Structures are given as structure tokens and as C-alpha cells.
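Asker: Here's a structure for you.
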Number of protein chains: 2
Amino acid sequence: MKEQKPKHGTDAISTVILKTTEALADRYGIDKVSMHQIAQTAGVGQGTIYRRYANKGALCMELMDEKFRLLQEHAAQIVGQPGTVHEKLKAVLSEQIHFLESHVSYIEAIHDAATCEGKKQTFYESRPYRFLHQVLRDLLNEAITAKTAKPMNTDFTAHTWIASINPKVYLYLRKKKRYSEKEIVSFFTQSFIDPLFL
Amino acid sequence: MKEQKPKHGTDAISTVILKTTEALADRYGIDKVSMHQIAQTAGVGQGTIYRRYANKGALCMELMDEKFRLLQEHAAQIVGQPGTVHEKLKAVLSEQIHFLESHVSYIEAIHDAATCEGKKQTFYESRPYRFLHQVLRDLLNEAITAKTAKPMNTDFTAHTWIASINPKVYLYLRKKKRYSEKEIVSFFTQSFIDPLFL
DNA sequence: TTGACATGCGGACAATTGTCCGATATTATT
DNA sequence: AATAATATCGGACAATTGTCCGCATGTCAA
């Protein structure tokens with residue numbers, strides 16, 4: 001068993017798999033599209049898909065690649081621009097929540113496939129997750145160094161912040177509790193960010 | 001006219017399903033036991049299981065019923081005893097994290113089956129979840145009323161607190177990051193509870 | 001050209017969750 | 001007691017994810 005040699009599947013077959021998945025997902029919703037259906041529609045065997053993507057989550061991750069890249073750019077831009085750490089944290093979290101709002105079906109699929117057992121690549125070790133976690137952690141560290149926030153385990157805090165707005169609970173808050181995206185951003189700021197700053 | 005069953009699973013068949021599931025889970029781990037296997041071992045059809053429990057998560061929820069009851073008792077006891085709201089919140093969260101530590105496999109199975117789509121009973125609407133959410137919310141409200149914490153949306157805060165220590169991220173923090181249960185409790189307190197109190 | 005070896009595709013197959021319906025047992029009616 | 005109505009059981013079946021292996025195709029050496 002070999003891994004895909006280049007970072008992205010840029011060969012013709014990978015391309016048709018991704019395009020087909022995107023088309024089907026646009027039409028039916030990613031959660032309603034099966035790997036079998038993707039294989040049939042793309043005119044390839046299922047094995048051909050699974051040789052490139054470990055599971056449906058990994059396939060979705062690949063589909064989201066460009067979107068994640070843009071989110072990372074936004075986050076990096078926020079961090080790079082002038083402003084207080086407090087403001088930057090709020091802006092980054094707002095971006096992340098908006099990202100979740102925009103792509104919640106895909107992110108849910110990625111989460112569903114995520115595992116912490118075995119030595120398989122976990123969601124938490126994927127590039128996008130690590131990047132966003134690191135942005136939050138660095139900002140928190142900066143706040144602590146500047147003595148505008150009390151010491152804490154910033155690694156833990158960043159992980160749990162992200163976990164606190166996972167797709168399942170986000171959908172619950174949006175659909176059942178009828179909170180708007182704006183409200184959720186505001187509540188998060190109020191409950192998690194503001195209290196940290198002295 | 002049949003007399004009503006007071007609660008779930010008090011008839012003979014439900015009992016054998018639950019006992020069988022427990023025995024198999026003890027032996028192989030709940031995630032390694034299939035519904036088919038449970039049915040075979042218990043000597044009933046799969047339909048008989050699904051007629052009583054909507055899915056594997058609901059079955060696990062039923063198995064955890066007594067455990068949840070004890071957790072609720074502990075939480076109620078903490079709230080009832082004298083002490084500051086701050087102390088009570090820390091104690092309750094510590095209990096919840098210990099509960100997660102002790103039963104993480106079952107809780108993961110419950111989470112995996114949870115859904116926010118459709119009108120099916122979601123995990124967030126189950127009795128145990130609602131109880132624990134309410135305990136946290138009430139304590140937070142008490143702190144706000146007593147002016148020892150700033151106003152916030154306590155409903156949101158309680159939901160996201162629970163979400164922040166979901167089984168997936170908990171396992172990641174324990175197994176990959178090698179944080180101990182005690183550390184996680186301490187970090188949580190430091191990052192989420194303490195900053196609220198001034 | 002040919003044969004040995006490697007690559008990797010396709011789809012059959014296994015495992016699992018969840019549904020459905022014919023068969024059976026139980027209760028109600030006369 | 002006989003029969004109709006109702007409840008419930010068992011397991012076959014469908015749908016989906018993920019694995020595996022036979023086979024076709026391509027490469028290279030002699």
C-alpha cells in the first residue's frame with residue numbers, strides 16, 4: 001500500500017473523482033451521496049477512490065482544500081494587521097465560525113470520519129486544523145506575554161475552543177435553538193474571549 | 001388492554017438485550033460489537049432490538065441509564081451543599097470530566113449516533129444531557145445574579161462547555177497529547193471557569 | 001519480440017447499520 | 001370455543017463503507 005506521491009491528486013482520475021463528488025454534493029448534499037454512487041458516476045471503481053482518499057472524510061477534506069487555504073489566508077491577514085490581541089482573537093474566531101456556517105455539511109462529514117484510535121491520521125493532525133489551532137494558541141500566548149491575560153494552557157484552550165463549536169453542536173444551536181451566526185459569534189466572544197482579558 | 005411498562009426495558013426481552021450488550025461490551029469493547037452480533041447472542045431478531053432502541057447510541061444510552069442517574073445525583077448534591085458558585089461549578093465540571101473519563105467508549109457511541117437533522121430525538125434533548133446542561137446554566141445564572149460574573153448567554157455557554165469536552169477531543173487530549181484527567185480538569189478551570197469570576 | 005516484474009484499476013465481497021414484512025402469538029369479541 | 005383484530009417477533013433485505021485480489025496495462029532487460 002502506497003500513499004499518493006504528490007500532495008494533491010492532480011492526475012486525471014483524481015480530478016474526475018473530485019469534480020464528480022462536488023457535482024453530486026451540490027445536487028444532493030454531501031451526506032446523501034455515497035462513495036459507491038461517486039464511483040459509479042465518475043466511472044471508476046470504488047477501490048480507485050479509496051486508494052487516493054482513506055475515507056469519505058478525507059475526500060471531503062481534499063474538496064475543501066482551497067476553501068481551507070483561503071481561511072488560512074484570512075486568519076494570517078488578521079494576525080498580521082495592526083490591532084490588539086483581543087481584537088484579533090475575536091476576528092479570527094468570527095472567521096472560523098463563518099467558515100463553519102458556510103461549509104457545515106462538509107465539515108460534519110470530515111468530523112464523522114475522524115478517529116482518535118490507531119495510528120491513522122486524525123482530523124486533529126490535519127494541516128488546516130493544526131494551522132487554525134496554532135493561530136489561536138499564538139494569539140493567546142501573546143496576550144499572556146503582554147500580561148493582558150492570565151497564564152493558562154493555551155494548547156488546551158485552543159483545542160477546546162475549536163471543539164466547542166463543532167458541527168454537531170453548531171447545527172443544534174442554529175437549527176433547534178435558532179441562534180443566528182452573529183449571535184453565536186457574540187455569545188462566544190462574551191463567554192470565552194472577553195473574560196480572559198483583564 | 002396491556003398494563004404500561006413504567007420505563008424502558010423492563011420486560012424480559014429488553015433485559016436480555018441489555019445484559020447481552022453489556023457482556024459483549026465488557027469483553028470486546030462496545031465499538032467492536034455489532035447490533036447483529038448482539039441480536040444473535042441474545043437470541044432475538046435485529047428488528048426486536050431496533051423496535052426498542054432507535055440505534056446503537058440509544059441502546060448505549062439505556063445501558064448508561066443508571067450511571068447517568070448517579071452522575072445527576074452527584075451533581076445535585078454538589079449544588080445542594082454549601083459553597084460558592086465558583087466552587088460548585090468547578091466541582092460539577094470535575095464530575096462531568098471524570099464521568100467522561102470513566103465511560104468514554106459508551107459516550108462516544110452515543111455521540112456517533114447523535115444527529116441534528118430531522119425530528120428525531122437528538123442527544124441534546126435526552127434527559128441526561130438536559131439535566132447536566134441545566135445544572136451548569138443555573139449555576140452560571142446564579143453567579144450573574146450575585147454579580148460575581150458578568151452577564152452572558154448562559155444557555156449557550158453551558159452547551160459549548162459540554163461540547164468542548166466531547167469524547168473525540170477528550171480522547172485526543174488524553175491519548176495523543178498525553179494530558180491526564182487531572183490536568184484536563186485543571187486546564188478547563190483555568191481557561192473557562194476562573195476567568196468568569198472577578 | 002518476449003518474458004519478468006511492477007503498477008494500479010475495477011468490481012466483487014465483507015461487515016455493519018437500519019428497515020420491512022410475513023409469520024406468529026396474544027388479546028378481544030361474539 | 002371460535003374467530004377476528006391487534007401486537008410483536010424474527011430474519012431477510014437494502015444501503016453504505018471499506019477491503020481485497022484478479023487482471024490488464026506498461027516498463028525494461030536480454
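Following the order of the C-alpha cells, first chain is A, next is B, and so on, with residues numbered from 1 inside each chain and ligands from 1 in the order they appear.
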Chain B residues within 10 Å of chain D, counting only C-alpha atoms (C1' of nucleotides): which ones, as a list of chain:residue names?

Answerer: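 Going by the stated atoms only, the list reads B:Gly43, B:Val44, B:Gly45, B:Gln46, B:Gly47, B:Thr48, B:Arg51.
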
Asker: Keeping only C-alpha atoms, write those residues as a PDB file, in the first residue's frame.

Answerer:
ATOM      1  CA  GLY B  43     -31.220 -14.958  20.567  1.00  0.00           C
ATOM      2  CA  VAL B  44     -33.547 -12.316  19.175  1.00  0.00           C
ATOM      3  CA  GLY B  45     -34.007 -10.691  15.790  1.00  0.00           C
ATOM      4  CA  GLN B  46     -32.392  -7.394  14.944  1.00  0.00           C
ATOM      5  CA  GLY B  47     -35.799  -5.838  14.445  1.00  0.00           C
ATOM      6  CA  THR B  48     -36.565  -6.630  18.057  1.00  0.00           C
ATOM      7  CA  ARG B  51     -38.007  -1.628  17.886  1.00  0.00           C
TER       8      ARG B  51
END

Asker: Could you give the C-alpha RMSD in Å for chain B superposed on chain A, pairing all atoms in order?

Answerer: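 Across all paired C-alpha atoms, the RMSD is 2.0 Å.
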
Asker: Enumerate as a list in words the residues belonging to chain C that approach chain A to within 12 Å, with only C-alpha atoms (C1' of nucleotides) taken into account.

Answerer: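 Matching residues, ligands excluded from the count: DT7, DG8, DC9, DG10, DG11 and DA12 of chain C.
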
Asker: Hey, what's within 12 Å of region 17-29 of chain B if we count only C-alpha atoms (C1' of nucleotides) and toss same-chain stuff fewer than 2 positions away? As a ChimeraX atom specification, please?

Answerer: /B:8-15,31-53,56,58-65,103-106,108-109

Asker: Compile a residue-level contact table for chain A against chain B at a cut-off of 7 Å, reporting for every qualifying residue the shortest atom pair and its distance in Å to one decimal, with only C-alpha atoms counted, rows ordered by chain and ascending number, as JSON lines.

Answerer:
{"residue": "A:Cys116", "atom": "CA", "partner": "B:Tyr172", "partner_atom": "CA", "distance": 5.9}
{"residue": "A:Met152", "atom": "CA", "partner": "B:Gln190", "partner_atom": "CA", "distance": 6.1}
{"residue": "A:Asn153", "atom": "CA", "partner": "B:Phe187", "partner_atom": "CA", "distance": 6.2}
{"residue": "A:Phe156", "atom": "CA", "partner": "B:Phe187", "partner_atom": "CA", "distance": 6.9}
{"residue": "A:Thr157", "atom": "CA", "partner": "B:Ser191", "partner_atom": "CA", "distance": 6.3}
{"residue": "A:Thr160", "atom": "CA", "partner": "B:Ser164", "partner_atom": "CA", "distance": 4.7}
{"residue": "A:Trp161", "atom": "CA", "partner": "B:Ser164", "partner_atom": "CA", "distance": 6.5}
{"residue": "A:Ala163", "atom": "CA", "partner": "B:Ser164", "partner_atom": "CA", "distance": 4.8}
{"residue": "A:Ser164", "atom": "CA", "partner": "B:Ser164", "partner_atom": "CA", "distance": 4.1}
{"residue": "A:Ile165", "atom": "CA", "partner": "B:Thr160", "partner_atom": "CA", "distance": 6.8}
{"residue": "A:Lys168", "atom": "CA", "partner": "B:Cys116", "partner_atom": "CA", "distance": 6.7}
{"residue": "A:Val169", "atom": "CA", "partner": "B:Ala163", "partner_atom": "CA", "distance": 6.8}
{"residue": "A:Leu171", "atom": "CA", "partner": "B:Cys116", "partner_atom": "CA", "distance": 6.4}
{"residue": "A:Tyr172", "atom": "CA", "partner": "B:Cys116", "partner_atom": "CA", "distance": 5.9}
{"residue": "A:Phe187", "atom": "CA", "partner": "B:Asn153", "partner_atom": "CA", "distance": 6.2}
{"residue": "A:Gln190", "atom": "CA", "partner": "B:Met152", "partner_atom": "CA", "distance": 6.1}
{"residue": "A:Ser191", "atom": "CA", "partner": "B:Met152", "partner_atom": "CA", "distance": 6.2}
{"residue": "A:Phe192", "atom": "CA", "partner": "B:Phe192", "partner_atom": "CA", "distance": 6.7}
{"residue": "A:Pro195", "atom": "CA", "partner": "B:Pro195", "partner_atom": "CA", "distance": 5.3}
{"residue": "A:Leu196", "atom": "CA", "partner": "B:Pro195", "partner_atom": "CA", "distance": 5.5}

Asker: CA of Gln134 (chain B) and CA of Leu93 (chain B) are how many Å apart?

Answerer: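 Answer for the CA of Gln134 (chain B) to CA of Leu93 (chain B) separation: 12.7 Å.
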
Asker: Report, in Å with one decimal, the straight-line distance from CA of Thr84 (chain A) to CA of His98 (chain A).

Answerer: 21.1 Å

Asker: Going by DSSP on the backbone, which bits of region 62-182 of chain B are alpha helix (DSSP H)? Write them as an NGL selection string, please.

Answerer: :B and (62-63 or 65-80 or 85-102 or 104-113 or 127-145 or 154-164 or 167-171 or 181-182)

Asker: Please, what distance in Å, to one decimal, runs between C1' of DG22 (chain C) and CA of Ala113 (chain B)?

Answerer: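 Those two atoms sit 29.9 Å apart.
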